[in-house]
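Chemist: What follows is target_29.cif, mmCIF, N, CA and C atoms.
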data_structure
loop_
_atom_site.label_atom_id
_atom_site.label_comp_id
_atom_site.auth_asym_id
_atom_site.auth_seq_id
_atom_site.Cartn_x
_atom_site.Cartn_y
_atom_site.Cartn_z
N MET A 540 18.07 90.34 108.81
CA MET A 540 16.64 90.47 108.72
C MET A 540 16.31 91.82 108.08
N LYS A 541 15.51 91.79 107.03
CA LYS A 541 15.12 92.99 106.31
C LYS A 541 13.62 93.23 106.51
N VAL A 542 13.28 94.32 107.20
CA VAL A 542 11.87 94.64 107.44
C VAL A 542 11.28 95.25 106.18
N ILE A 543 10.17 94.69 105.74
CA ILE A 543 9.53 95.14 104.51
C ILE A 543 8.37 96.08 104.81
N ALA A 544 7.51 95.69 105.76
CA ALA A 544 6.36 96.52 106.11
C ALA A 544 6.10 96.39 107.61
N SER A 545 5.65 97.48 108.20
CA SER A 545 5.32 97.43 109.63
C SER A 545 3.97 98.11 109.84
N ASN A 546 3.30 97.69 110.91
CA ASN A 546 1.99 98.21 111.25
C ASN A 546 2.14 99.13 112.47
N LYS A 547 2.52 100.38 112.22
CA LYS A 547 2.75 101.32 113.32
C LYS A 547 1.46 101.62 114.07
N ARG A 548 0.35 101.54 113.38
CA ARG A 548 -0.95 101.82 113.99
C ARG A 548 -1.27 100.82 115.11
N ALA A 549 -0.75 99.61 114.99
CA ALA A 549 -1.01 98.58 116.00
C ALA A 549 -0.47 99.01 117.36
N TYR A 550 0.70 99.65 117.38
CA TYR A 550 1.27 100.10 118.66
C TYR A 550 0.49 101.27 119.24
N TYR A 551 -0.19 102.01 118.39
CA TYR A 551 -1.00 103.13 118.87
C TYR A 551 -2.35 102.66 119.40
N ASP A 552 -2.95 101.68 118.74
CA ASP A 552 -4.30 101.22 119.10
C ASP A 552 -4.32 100.11 120.16
N TYR A 553 -3.20 99.38 120.33
CA TYR A 553 -3.19 98.23 121.22
C TYR A 553 -1.97 98.24 122.13
N ASN A 554 -2.12 97.64 123.31
CA ASN A 554 -0.99 97.31 124.16
C ASN A 554 -0.49 95.95 123.67
N ILE A 555 0.68 95.92 123.07
CA ILE A 555 1.19 94.72 122.40
C ILE A 555 1.93 93.84 123.40
N SER A 556 1.68 92.52 123.30
CA SER A 556 2.39 91.55 124.13
C SER A 556 2.50 90.24 123.36
N ASP A 557 3.36 89.37 123.80
CA ASP A 557 3.49 88.00 123.29
C ASP A 557 3.61 87.93 121.77
N LYS A 558 4.76 88.35 121.26
CA LYS A 558 4.99 88.32 119.80
C LYS A 558 5.46 86.94 119.36
N THR A 559 5.06 86.57 118.14
CA THR A 559 5.44 85.28 117.57
C THR A 559 5.69 85.45 116.07
N GLU A 560 6.60 84.65 115.55
CA GLU A 560 6.91 84.66 114.12
C GLU A 560 6.06 83.60 113.42
N ALA A 561 5.45 83.97 112.30
CA ALA A 561 4.64 83.03 111.53
C ALA A 561 5.02 83.13 110.06
N GLY A 562 4.93 82.01 109.37
CA GLY A 562 5.14 82.00 107.94
C GLY A 562 3.85 82.39 107.24
N ILE A 563 3.94 82.87 106.01
CA ILE A 563 2.75 83.22 105.23
C ILE A 563 2.74 82.34 104.00
N GLU A 564 1.57 81.78 103.68
CA GLU A 564 1.44 80.96 102.49
C GLU A 564 1.22 81.89 101.30
N LEU A 565 2.27 82.09 100.50
CA LEU A 565 2.22 82.98 99.35
C LEU A 565 2.46 82.20 98.07
N GLU A 566 2.00 82.75 96.96
CA GLU A 566 2.28 82.15 95.67
C GLU A 566 3.53 82.82 95.09
N GLY A 567 4.10 82.23 94.04
CA GLY A 567 5.39 82.65 93.52
C GLY A 567 5.49 84.12 93.18
N CYS A 568 4.52 84.64 92.43
CA CYS A 568 4.60 86.04 92.04
C CYS A 568 4.36 86.96 93.24
N GLU A 569 3.62 86.48 94.25
CA GLU A 569 3.41 87.28 95.45
C GLU A 569 4.71 87.43 96.24
N VAL A 570 5.52 86.38 96.28
CA VAL A 570 6.79 86.44 97.00
C VAL A 570 7.69 87.51 96.36
N LYS A 571 7.73 87.53 95.04
CA LYS A 571 8.56 88.52 94.35
C LYS A 571 8.05 89.93 94.63
N SER A 572 6.74 90.10 94.67
CA SER A 572 6.16 91.40 94.96
C SER A 572 6.48 91.84 96.39
N VAL A 573 6.39 90.91 97.34
CA VAL A 573 6.69 91.23 98.74
C VAL A 573 8.16 91.61 98.89
N ARG A 574 9.05 90.89 98.23
CA ARG A 574 10.48 91.20 98.31
C ARG A 574 10.77 92.60 97.76
N ALA A 575 9.95 93.03 96.80
CA ALA A 575 10.11 94.37 96.23
C ALA A 575 9.43 95.44 97.07
N GLY A 576 8.79 95.04 98.19
CA GLY A 576 8.15 96.01 99.08
C GLY A 576 6.70 96.27 98.76
N GLY A 577 6.06 95.41 98.01
CA GLY A 577 4.68 95.63 97.61
C GLY A 577 3.66 94.98 98.51
N ILE A 578 3.75 95.20 99.81
CA ILE A 578 2.78 94.65 100.76
C ILE A 578 2.40 95.71 101.77
N SER A 579 1.14 95.69 102.19
CA SER A 579 0.65 96.59 103.23
C SER A 579 -0.21 95.80 104.21
N ILE A 580 0.11 95.91 105.50
CA ILE A 580 -0.66 95.21 106.53
C ILE A 580 -1.36 96.19 107.46
N ASN A 581 -1.48 97.45 107.05
CA ASN A 581 -2.05 98.47 107.92
C ASN A 581 -3.50 98.20 108.28
N GLU A 582 -4.30 97.71 107.36
CA GLU A 582 -5.72 97.48 107.64
C GLU A 582 -6.04 96.00 107.78
N SER A 583 -5.02 95.17 107.94
CA SER A 583 -5.26 93.73 107.99
C SER A 583 -5.51 93.26 109.42
N PHE A 584 -6.07 92.06 109.51
CA PHE A 584 -6.36 91.45 110.81
C PHE A 584 -6.23 89.95 110.67
N ILE A 585 -6.25 89.24 111.80
CA ILE A 585 -6.03 87.80 111.81
C ILE A 585 -7.23 87.11 112.43
N THR A 586 -7.69 86.04 111.77
CA THR A 586 -8.81 85.24 112.29
C THR A 586 -8.36 83.79 112.45
N ILE A 587 -9.12 83.06 113.26
CA ILE A 587 -8.87 81.64 113.46
C ILE A 587 -10.12 80.89 113.03
N ASP A 588 -9.97 79.99 112.04
CA ASP A 588 -11.06 79.16 111.55
C ASP A 588 -10.59 77.72 111.50
N ASN A 589 -11.31 76.82 112.17
CA ASN A 589 -10.99 75.39 112.17
C ASN A 589 -9.53 75.12 112.53
N ASN A 590 -9.05 75.74 113.60
CA ASN A 590 -7.68 75.59 114.08
C ASN A 590 -6.63 75.98 113.04
N GLU A 591 -6.96 76.93 112.19
CA GLU A 591 -6.02 77.51 111.24
C GLU A 591 -6.12 79.02 111.33
N MET A 592 -4.98 79.69 111.22
CA MET A 592 -4.97 81.15 111.27
C MET A 592 -4.85 81.72 109.86
N PHE A 593 -5.60 82.81 109.62
CA PHE A 593 -5.60 83.46 108.32
C PHE A 593 -5.35 84.95 108.47
N LEU A 594 -4.55 85.48 107.56
CA LEU A 594 -4.32 86.91 107.47
C LEU A 594 -5.32 87.45 106.45
N LYS A 595 -6.18 88.34 106.91
CA LYS A 595 -7.23 88.86 106.04
C LYS A 595 -7.00 90.34 105.77
N ASN A 596 -7.41 90.76 104.59
CA ASN A 596 -7.40 92.16 104.18
C ASN A 596 -6.00 92.74 104.03
N ALA A 597 -4.99 91.90 103.89
CA ALA A 597 -3.63 92.40 103.63
C ALA A 597 -3.49 92.60 102.12
N TYR A 598 -2.91 93.71 101.73
CA TYR A 598 -2.77 94.03 100.31
C TYR A 598 -1.38 93.64 99.83
N VAL A 599 -1.34 92.79 98.81
CA VAL A 599 -0.09 92.45 98.13
C VAL A 599 -0.22 92.95 96.70
N LYS A 600 0.62 93.89 96.35
CA LYS A 600 0.60 94.49 95.02
C LYS A 600 0.88 93.43 93.95
N PRO A 601 0.08 93.41 92.88
CA PRO A 601 0.36 92.44 91.81
C PRO A 601 1.74 92.70 91.20
N TYR A 602 2.47 91.64 90.95
CA TYR A 602 3.82 91.75 90.39
C TYR A 602 3.72 92.11 88.91
N GLU A 603 4.44 93.15 88.49
CA GLU A 603 4.31 93.68 87.13
C GLU A 603 4.82 92.71 86.07
N LYS A 604 5.86 91.97 86.37
CA LYS A 604 6.52 91.16 85.35
C LYS A 604 5.93 89.76 85.19
N THR A 605 4.85 89.47 85.89
CA THR A 605 4.22 88.17 85.74
C THR A 605 3.41 88.13 84.44
N THR A 606 3.20 86.95 83.92
CA THR A 606 2.54 86.85 82.61
C THR A 606 1.02 86.79 82.76
N ALA A 607 0.45 85.63 82.79
CA ALA A 607 -1.01 85.50 82.73
C ALA A 607 -1.68 85.48 84.10
N TYR A 608 -1.14 84.71 85.03
CA TYR A 608 -1.84 84.50 86.30
C TYR A 608 -1.38 85.49 87.36
N SER A 609 -2.36 86.11 87.99
CA SER A 609 -2.07 86.98 89.11
C SER A 609 -3.18 86.82 90.13
N PRO A 610 -2.87 86.37 91.36
CA PRO A 610 -3.91 86.13 92.37
C PRO A 610 -4.53 87.43 92.86
N ASN A 611 -5.68 87.31 93.52
CA ASN A 611 -6.38 88.45 94.08
C ASN A 611 -5.47 89.15 95.09
N SER A 612 -5.39 90.47 95.02
CA SER A 612 -4.44 91.20 95.86
C SER A 612 -4.87 91.26 97.32
N LYS A 613 -6.15 91.05 97.64
CA LYS A 613 -6.60 91.10 99.04
C LYS A 613 -7.16 89.75 99.50
N ARG A 614 -6.69 88.67 98.93
CA ARG A 614 -7.22 87.36 99.31
C ARG A 614 -6.75 86.97 100.71
N ASN A 615 -7.44 85.97 101.29
CA ASN A 615 -7.04 85.46 102.61
C ASN A 615 -5.80 84.61 102.44
N ARG A 616 -4.82 84.82 103.33
CA ARG A 616 -3.58 84.06 103.27
C ARG A 616 -3.40 83.27 104.56
N LYS A 617 -3.14 81.99 104.42
CA LYS A 617 -2.98 81.12 105.57
C LYS A 617 -1.66 81.41 106.26
N LEU A 618 -1.68 81.41 107.59
CA LEU A 618 -0.46 81.58 108.37
C LEU A 618 0.04 80.21 108.81
N LEU A 619 1.34 80.04 108.76
CA LEU A 619 1.94 78.75 109.06
C LEU A 619 2.50 78.76 110.48
N LEU A 620 1.77 78.10 111.38
CA LEU A 620 2.15 78.00 112.79
C LEU A 620 1.92 76.58 113.27
N HIS A 621 2.55 76.22 114.38
CA HIS A 621 2.30 74.93 115.01
C HIS A 621 0.93 74.97 115.70
N LYS A 622 0.32 73.80 115.88
CA LYS A 622 -1.00 73.73 116.50
C LYS A 622 -0.99 74.27 117.92
N LYS A 623 0.10 74.05 118.65
CA LYS A 623 0.21 74.56 120.02
C LYS A 623 0.16 76.08 120.04
N GLU A 624 0.86 76.70 119.10
CA GLU A 624 0.86 78.17 119.04
C GLU A 624 -0.52 78.71 118.68
N ILE A 625 -1.20 78.04 117.74
CA ILE A 625 -2.54 78.47 117.35
C ILE A 625 -3.50 78.36 118.52
N SER A 626 -3.42 77.25 119.26
CA SER A 626 -4.32 77.07 120.41
C SER A 626 -4.01 78.08 121.51
N LYS A 627 -2.73 78.44 121.68
CA LYS A 627 -2.36 79.46 122.67
C LYS A 627 -3.00 80.80 122.32
N PHE A 628 -2.92 81.19 121.04
CA PHE A 628 -3.52 82.44 120.61
C PHE A 628 -5.05 82.38 120.69
N ALA A 629 -5.63 81.22 120.39
CA ALA A 629 -7.09 81.08 120.44
C ALA A 629 -7.59 81.24 121.88
N LYS A 630 -6.88 80.67 122.84
CA LYS A 630 -7.27 80.80 124.24
C LYS A 630 -7.12 82.24 124.73
N ALA A 631 -6.04 82.88 124.33
CA ALA A 631 -5.80 84.26 124.76
C ALA A 631 -6.82 85.21 124.14
N ARG A 632 -7.27 84.90 122.94
CA ARG A 632 -8.23 85.78 122.27
C ARG A 632 -9.61 85.74 122.92
N GLU A 633 -9.90 84.66 123.66
CA GLU A 633 -11.19 84.54 124.33
C GLU A 633 -11.34 85.55 125.47
N VAL A 634 -10.23 86.06 125.98
CA VAL A 634 -10.27 87.08 127.02
C VAL A 634 -10.83 88.36 126.39
N LYS A 635 -11.70 89.03 127.13
CA LYS A 635 -12.36 90.22 126.59
C LYS A 635 -11.32 91.31 126.27
N GLY A 636 -11.43 91.86 125.08
CA GLY A 636 -10.55 92.95 124.67
C GLY A 636 -9.26 92.51 124.00
N MET A 637 -8.97 91.21 123.96
CA MET A 637 -7.74 90.73 123.33
C MET A 637 -7.99 90.41 121.86
N THR A 638 -7.01 90.70 121.05
CA THR A 638 -7.08 90.40 119.63
C THR A 638 -5.70 90.03 119.12
N ILE A 639 -5.65 89.44 117.94
CA ILE A 639 -4.38 89.06 117.33
C ILE A 639 -4.08 90.08 116.23
N VAL A 640 -2.90 90.70 116.32
CA VAL A 640 -2.57 91.81 115.45
C VAL A 640 -1.32 91.49 114.63
N PRO A 641 -1.34 91.73 113.31
CA PRO A 641 -0.10 91.63 112.54
C PRO A 641 0.76 92.86 112.80
N VAL A 642 2.03 92.66 113.13
CA VAL A 642 2.89 93.77 113.52
C VAL A 642 3.84 94.17 112.40
N ARG A 643 4.55 93.20 111.79
CA ARG A 643 5.47 93.55 110.71
C ARG A 643 5.72 92.35 109.81
N VAL A 644 6.14 92.63 108.59
CA VAL A 644 6.51 91.62 107.62
C VAL A 644 8.00 91.81 107.34
N TYR A 645 8.74 90.71 107.33
CA TYR A 645 10.17 90.81 107.09
C TYR A 645 10.68 89.55 106.41
N ILE A 646 11.90 89.63 105.91
CA ILE A 646 12.58 88.47 105.34
C ILE A 646 13.65 88.05 106.34
N ASN A 647 13.59 86.80 106.79
CA ASN A 647 14.53 86.35 107.81
C ASN A 647 15.88 86.02 107.20
N ASP A 648 16.79 85.52 108.01
CA ASP A 648 18.16 85.24 107.57
C ASP A 648 18.23 84.15 106.50
N LYS A 649 17.24 83.26 106.46
CA LYS A 649 17.22 82.19 105.47
C LYS A 649 16.56 82.62 104.16
N GLY A 650 16.07 83.85 104.11
CA GLY A 650 15.44 84.34 102.89
C GLY A 650 13.95 84.06 102.79
N LEU A 651 13.31 83.70 103.90
CA LEU A 651 11.88 83.40 103.90
C LEU A 651 11.08 84.61 104.37
N VAL A 652 9.89 84.78 103.79
CA VAL A 652 9.02 85.88 104.19
C VAL A 652 8.28 85.46 105.45
N LYS A 653 8.39 86.27 106.49
CA LYS A 653 7.76 85.98 107.78
C LYS A 653 6.88 87.15 108.22
N LEU A 654 5.88 86.84 109.03
CA LEU A 654 4.98 87.83 109.60
C LEU A 654 5.08 87.74 111.11
N GLU A 655 5.31 88.87 111.76
CA GLU A 655 5.33 88.89 113.22
C GLU A 655 3.93 89.25 113.69
N ILE A 656 3.35 88.36 114.49
CA ILE A 656 2.01 88.60 115.03
C ILE A 656 2.13 88.74 116.54
N ALA A 657 1.16 89.43 117.13
CA ALA A 657 1.20 89.66 118.58
C ALA A 657 -0.21 89.72 119.12
N LEU A 658 -0.30 89.48 120.42
CA LEU A 658 -1.56 89.69 121.11
C LEU A 658 -1.67 91.16 121.48
N GLY A 659 -2.84 91.72 121.27
CA GLY A 659 -3.03 93.13 121.61
C GLY A 659 -4.29 93.33 122.40
N LYS A 660 -4.21 94.18 123.39
CA LYS A 660 -5.40 94.56 124.17
C LYS A 660 -5.71 96.00 123.80
N GLY A 661 -6.92 96.25 123.33
CA GLY A 661 -7.31 97.56 122.85
C GLY A 661 -7.14 98.66 123.88
N LYS A 662 -6.59 99.79 123.44
CA LYS A 662 -6.41 100.94 124.33
C LYS A 662 -7.68 101.80 124.31
N LYS A 663 -7.95 102.43 125.41
CA LYS A 663 -9.04 103.40 125.48
C LYS A 663 -8.51 104.74 124.97
N LEU A 664 -9.40 105.68 124.75
CA LEU A 664 -9.02 106.97 124.20
C LEU A 664 -8.05 107.69 125.13
N TYR A 665 -8.29 107.61 126.44
CA TYR A 665 -7.40 108.31 127.38
C TYR A 665 -6.02 107.67 127.41
N ASP A 666 -5.94 106.35 127.15
CA ASP A 666 -4.62 105.70 127.07
C ASP A 666 -3.85 106.20 125.87
N LYS A 667 -4.55 106.40 124.74
CA LYS A 667 -3.90 106.89 123.54
C LYS A 667 -3.38 108.31 123.75
N ARG A 668 -4.18 109.13 124.44
CA ARG A 668 -3.75 110.50 124.73
C ARG A 668 -2.52 110.50 125.62
N GLU A 669 -2.49 109.61 126.60
CA GLU A 669 -1.35 109.51 127.51
C GLU A 669 -0.09 109.11 126.74
N THR A 670 -0.24 108.18 125.80
CA THR A 670 0.89 107.76 124.97
C THR A 670 1.43 108.93 124.16
N LEU A 671 0.55 109.72 123.58
CA LEU A 671 0.98 110.88 122.80
C LEU A 671 1.69 111.91 123.68
N LYS A 672 1.20 112.11 124.91
CA LYS A 672 1.84 113.04 125.83
C LYS A 672 3.26 112.57 126.18
N GLN A 673 3.41 111.27 126.42
CA GLN A 673 4.73 110.74 126.75
C GLN A 673 5.70 110.89 125.58
N LYS A 674 5.23 110.62 124.37
CA LYS A 674 6.09 110.78 123.20
C LYS A 674 6.53 112.23 123.04
N SER A 675 5.59 113.14 123.24
CA SER A 675 5.90 114.56 123.10
C SER A 675 6.91 115.00 124.16
N ALA A 676 6.73 114.54 125.40
CA ALA A 676 7.65 114.89 126.47
C ALA A 676 9.04 114.33 126.19
N ASN A 677 9.12 113.10 125.71
CA ASN A 677 10.41 112.50 125.39
C ASN A 677 11.11 113.26 124.27
N ARG A 678 10.35 113.72 123.28
CA ARG A 678 10.93 114.52 122.20
C ARG A 678 11.52 115.82 122.73
N GLU A 679 10.79 116.47 123.62
CA GLU A 679 11.27 117.73 124.20
C GLU A 679 12.55 117.50 125.00
N ILE A 680 12.60 116.43 125.76
CA ILE A 680 13.79 116.10 126.54
C ILE A 680 14.99 115.86 125.62
N ASP A 681 14.76 115.09 124.54
CA ASP A 681 15.84 114.82 123.59
C ASP A 681 16.35 116.10 122.95
N ARG A 682 15.45 117.00 122.58
CA ARG A 682 15.85 118.27 121.98
C ARG A 682 16.67 119.10 122.96
N ALA A 683 16.22 119.12 124.23
CA ALA A 683 16.94 119.90 125.23
C ALA A 683 18.34 119.32 125.45
N LEU A 684 18.47 118.00 125.47
CA LEU A 684 19.78 117.37 125.65
C LEU A 684 20.70 117.63 124.46
N LYS A 685 20.14 117.60 123.25
CA LYS A 685 20.97 117.89 122.07
C LYS A 685 21.46 119.34 122.08
N ASN A 686 20.57 120.25 122.45
CA ASN A 686 20.96 121.68 122.50
C ASN A 686 21.98 121.92 123.61
N ALA A 687 21.85 121.23 124.72
CA ALA A 687 22.79 121.41 125.84
C ALA A 687 24.18 120.85 125.46
N SER A 688 24.19 119.74 124.71
CA SER A 688 25.49 119.17 124.33
C SER A 688 26.19 120.00 123.26
N ARG A 689 25.44 120.72 122.45
CA ARG A 689 26.05 121.55 121.41
C ARG A 689 26.61 122.84 121.99
N GLY A 690 25.92 123.39 122.97
CA GLY A 690 26.29 124.71 123.47
C GLY A 690 27.15 124.67 124.64
#
Just dump the structure as structure tokens.
Modeler:
Amino acid sequence: MKVIASNKRAYYDYNISDKTEAGIELEGCEVKSVRAGGISINESFITIDNNEMFLKNAYVKPYEKTTAYSPNSKRNRKLLLHKKEISKFAKAREVKGMTIVPVRVYINDKGLVKLEIALGKGKKLYDKRETLKQKSANREIDRALKNASRG
């Protein structure tokens, strides 16, 4: 599995749970661009319309070597999931504060482009501060352990 793009901001803004793998409906030149690393999901989000899930506002860089046709770089892209999975996410999203977040884009073992989506519950400002404090404390502990093992 080769990770192409990840949404690090999602882990900062949301408490992530219940991850699922989804396919993305891409056109030929978009697949080549994604394989080359030309995708960004940092500002993207997922909506459900008529029992179908769509990835919105994801940027796919236009492929340089394509000839005449090049699709819109920020168009809506359909996500390929089973109806049961879509209904599960739709029910969970009805809970206050829950949203569906794109987490990372990768190429699986079969060579297909996949998107990992997850349910996220928005963090409050004090939760974000607490997360930063914990990361800082863990960094200090790691530094102290490295210095103790060297000396």
Chemist: Need to verify the contact set: region 553-566 of chain A, 5 Å, only N, CA and C atoms, exclusion of same-chain residues closer than 3 positions in sequence. Can you return it as a list in words?
Modeler: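 The contact residues come out as Ala549, Tyr550, Glu569, Val570, Lys617, Leu618, Leu619, Lys653, Leu654, Glu655, Ile656, Ala657, Leu658, Gly659, Lys660, Gly661 and Lys662 of chain A.
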Chemist: Go ahead and write the selection's residues with N, CA and C atoms as an mmCIF file, in the coordinates of the input.
Modeler:
data_model
loop_
_atom_site.group_PDB
_atom_site.id
_atom_site.type_symbol
_atom_site.label_atom_id
_atom_site.label_comp_id
_atom_site.auth_asym_id
_atom_site.auth_seq_id
_atom_site.Cartn_x
_atom_site.Cartn_y
_atom_site.Cartn_z
ATOM 1 N N ALA A 549 -0.750 99.610 114.990
ATOM 2 C CA ALA A 549 -1.010 98.580 116.000
ATOM 3 C C ALA A 549 -0.470 99.010 117.360
ATOM 4 N N TYR A 550 0.700 99.650 117.380
ATOM 5 C CA TYR A 550 1.270 100.100 118.660
ATOM 6 C C TYR A 550 0.490 101.270 119.240
ATOM 7 N N GLU A 569 3.620 86.480 94.250
ATOM 8 C CA GLU A 569 3.410 87.280 95.450
ATOM 9 C C GLU A 569 4.710 87.430 96.240
ATOM 10 N N VAL A 570 5.520 86.380 96.280
ATOM 11 C CA VAL A 570 6.790 86.440 97.000
ATOM 12 C C VAL A 570 7.690 87.510 96.360
ATOM 13 N N LYS A 617 -3.140 81.990 104.420
ATOM 14 C CA LYS A 617 -2.980 81.120 105.570
ATOM 15 C C LYS A 617 -1.660 81.410 106.260
ATOM 16 N N LEU A 618 -1.680 81.410 107.590
ATOM 17 C CA LEU A 618 -0.460 81.580 108.370
ATOM 18 C C LEU A 618 0.040 80.210 108.810
ATOM 19 N N LEU A 619 1.340 80.040 108.760
ATOM 20 C CA LEU A 619 1.940 78.750 109.060
ATOM 21 C C LEU A 619 2.500 78.760 110.480
ATOM 22 N N LYS A 653 8.390 86.270 106.490
ATOM 23 C CA LYS A 653 7.760 85.980 107.780
ATOM 24 C C LYS A 653 6.880 87.150 108.220
ATOM 25 N N LEU A 654 5.880 86.840 109.030
ATOM 26 C CA LEU A 654 4.980 87.830 109.600
ATOM 27 C C LEU A 654 5.080 87.740 111.110
ATOM 28 N N GLU A 655 5.310 88.870 111.760
ATOM 29 C CA GLU A 655 5.330 88.890 113.220
ATOM 30 C C GLU A 655 3.930 89.250 113.690
ATOM 31 N N ILE A 656 3.350 88.360 114.490
ATOM 32 C CA ILE A 656 2.010 88.600 115.030
ATOM 33 C C ILE A 656 2.130 88.740 116.540
ATOM 34 N N ALA A 657 1.160 89.430 117.130
ATOM 35 C CA ALA A 657 1.200 89.660 118.580
ATOM 36 C C ALA A 657 -0.210 89.720 119.120
ATOM 37 N N LEU A 658 -0.300 89.480 120.420
ATOM 38 C CA LEU A 658 -1.560 89.690 121.110
ATOM 39 C C LEU A 658 -1.670 91.160 121.480
ATOM 40 N N GLY A 659 -2.840 91.720 121.270
ATOM 41 C CA GLY A 659 -3.030 93.130 121.610
ATOM 42 C C GLY A 659 -4.290 93.330 122.400
ATOM 43 N N LYS A 660 -4.210 94.180 123.390
ATOM 44 C CA LYS A 660 -5.400 94.560 124.170
ATOM 45 C C LYS A 660 -5.710 96.000 123.800
ATOM 46 N N GLY A 661 -6.920 96.250 123.330
ATOM 47 C CA GLY A 661 -7.310 97.560 122.850
ATOM 48 C C GLY A 661 -7.140 98.660 123.880
ATOM 49 N N LYS A 662 -6.590 99.790 123.440
ATOM 50 C CA LYS A 662 -6.410 100.940 124.330
ATOM 51 C C LYS A 662 -7.680 101.800 124.310
#
Chemist: Please, which residues of chain A, numbered as in this document, come out alpha helix (DSSP H) from DSSP, as a PyMOL selection string?
Modeler: chain A and resi 547-552+567-574+622-632+664-689
Chemist: For the structure shown, which residues end up in the PyMOL selection byres ((chain A and resi 603) around 8)? Put them as a PyMOL selection string, please?
Modeler: chain A and resi 568+571-572+600-602+604-606
Chemist: Next, write the just-selected residues to a file, as an mmCIF file, in the coordinates of the input, keeping N, CA and C atoms as the atom set.
Modeler:
data_model
loop_
_atom_site.group_PDB
_atom_site.id
_atom_site.type_symbol
_atom_site.label_atom_id
_atom_site.label_comp_id
_atom_site.auth_asym_id
_atom_site.auth_seq_id
_atom_site.Cartn_x
_atom_site.Cartn_y
_atom_site.Cartn_z
ATOM 1 N N CYS A 568 4.520 84.640 92.430
ATOM 2 C CA CYS A 568 4.600 86.040 92.040
ATOM 3 C C CYS A 568 4.360 86.960 93.240
ATOM 4 N N LYS A 571 7.730 87.530 95.040
ATOM 5 C CA LYS A 571 8.560 88.520 94.350
ATOM 6 C C LYS A 571 8.050 89.930 94.630
ATOM 7 N N SER A 572 6.740 90.100 94.670
ATOM 8 C CA SER A 572 6.160 91.400 94.960
ATOM 9 C C SER A 572 6.480 91.840 96.390
ATOM 10 N N LYS A 600 0.620 93.890 96.350
ATOM 11 C CA LYS A 600 0.600 94.490 95.020
ATOM 12 C C LYS A 600 0.880 93.430 93.950
ATOM 13 N N PRO A 601 0.080 93.410 92.880
ATOM 14 C CA PRO A 601 0.360 92.440 91.810
ATOM 15 C C PRO A 601 1.740 92.700 91.200
ATOM 16 N N TYR A 602 2.470 91.640 90.950
ATOM 17 C CA TYR A 602 3.820 91.750 90.390
ATOM 18 C C TYR A 602 3.720 92.110 88.910
ATOM 19 N N LYS A 604 5.860 91.970 86.370
ATOM 20 C CA LYS A 604 6.520 91.160 85.350
ATOM 21 C C LYS A 604 5.930 89.760 85.190
ATOM 22 N N THR A 605 4.850 89.470 85.890
ATOM 23 C CA THR A 605 4.220 88.170 85.740
ATOM 24 C C THR A 605 3.410 88.130 84.440
ATOM 25 N N THR A 606 3.200 86.950 83.920
ATOM 26 C CA THR A 606 2.540 86.850 82.610
ATOM 27 C C THR A 606 1.020 86.790 82.760
#
Chemist: I need the residues in region 540-689 of chain A that are strand (DSSP E or B) according to DSSP; give them as a ChimeraX atom specification.
Modeler: /A:541-545,553-563,578-579,584-588,591-595,598-599,616-619,637-646,652-661
Chemist: Mind pulling up the distance from atom C of Phe628 (chain A) to CA of Lys595 (chain A)?
Modeler: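 A separation of 16.2 Å between them.
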Chemist: Might I get the box with edges along x, y and z of the file that holds all atoms of region 667-679 of chain A listed there, padded by 4 Å on every side, given as centre and edge lengths in Å to one decimal, as AutoDock Vina command-line options?
Modeler:
--center_x 4.0 --center_y 112.1 --center_z 124.9 --size_x 25.1 --size_y 19.3 --size_z 13.3
Chemist: Select all residues near (-11.1, 73.4, 112.2) (cut-off 12 Å, inclusive, file coordinates), counting only C-alpha atoms, and output them as a ChimeraX atom specification.
Modeler: /A:587-592,622,625-626,629
Chemist: How many Å separate CA of Leu594 (chain A) from CA of Leu620 (chain A)?
Modeler: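 About the pair CA of Leu594 (chain A) and CA of Leu620 (chain A): they are 12.2 Å apart.
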Chemist: Translate the PyMOL selection byres (((chain A and resi 613 and name CA) around 7) and name CA), as applied to the file shown, into an explicit residue set as a ChimeraX atom specification.
Modeler: /A:596-599,611-612,614-615
Chemist: Using N, CA and C atoms, can you export the residues from the last selection as a PDB file, in the frame of the given file?
Modeler:
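New file result04.pdb:
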ATOM      1  N   ASN A 596      -7.410  90.760 104.590  1.00  0.00           N
ATOM      2  CA  ASN A 596      -7.400  92.160 104.180  1.00  0.00           C
ATOM      3  C   ASN A 596      -6.000  92.740 104.030  1.00  0.00           C
ATOM      4  N   ALA A 597      -4.990  91.900 103.890  1.00  0.00           N
ATOM      5  CA  ALA A 597      -3.630  92.400 103.630  1.00  0.00           C
ATOM      6  C   ALA A 597      -3.490  92.600 102.120  1.00  0.00           C
ATOM      7  N   TYR A 598      -2.910  93.710 101.730  1.00  0.00           N
ATOM      8  CA  TYR A 598      -2.770  94.030 100.310  1.00  0.00           C
ATOM      9  C   TYR A 598      -1.380  93.640  99.830  1.00  0.00           C
ATOM     10  N   VAL A 599      -1.340  92.790  98.810  1.00  0.00           N
ATOM     11  CA  VAL A 599      -0.090  92.450  98.130  1.00  0.00           C
ATOM     12  C   VAL A 599      -0.220  92.950  96.700  1.00  0.00           C
ATOM     13  N   ASN A 611      -5.680  87.310  93.520  1.00  0.00           N
ATOM     14  CA  ASN A 611      -6.380  88.450  94.080  1.00  0.00           C
ATOM     15  C   ASN A 611      -5.470  89.150  95.090  1.00  0.00           C
ATOM     16  N   SER A 612      -5.390  90.470  95.020  1.00  0.00           N
ATOM     17  CA  SER A 612      -4.440  91.200  95.860  1.00  0.00           C
ATOM     18  C   SER A 612      -4.870  91.260  97.320  1.00  0.00           C
ATOM     19  N   ARG A 614      -6.690  88.670  98.930  1.00  0.00           N
ATOM     20  CA  ARG A 614      -7.220  87.360  99.310  1.00  0.00           C
ATOM     21  C   ARG A 614      -6.750  86.970 100.710  1.00  0.00           C
ATOM     22  N   ASN A 615      -7.440  85.970 101.290  1.00  0.00           N
ATOM     23  CA  ASN A 615      -7.040  85.460 102.610  1.00  0.00           C
ATOM     24  C   ASN A 615      -5.800  84.610 102.440  1.00  0.00           C
TER      25      ASN A 615
END
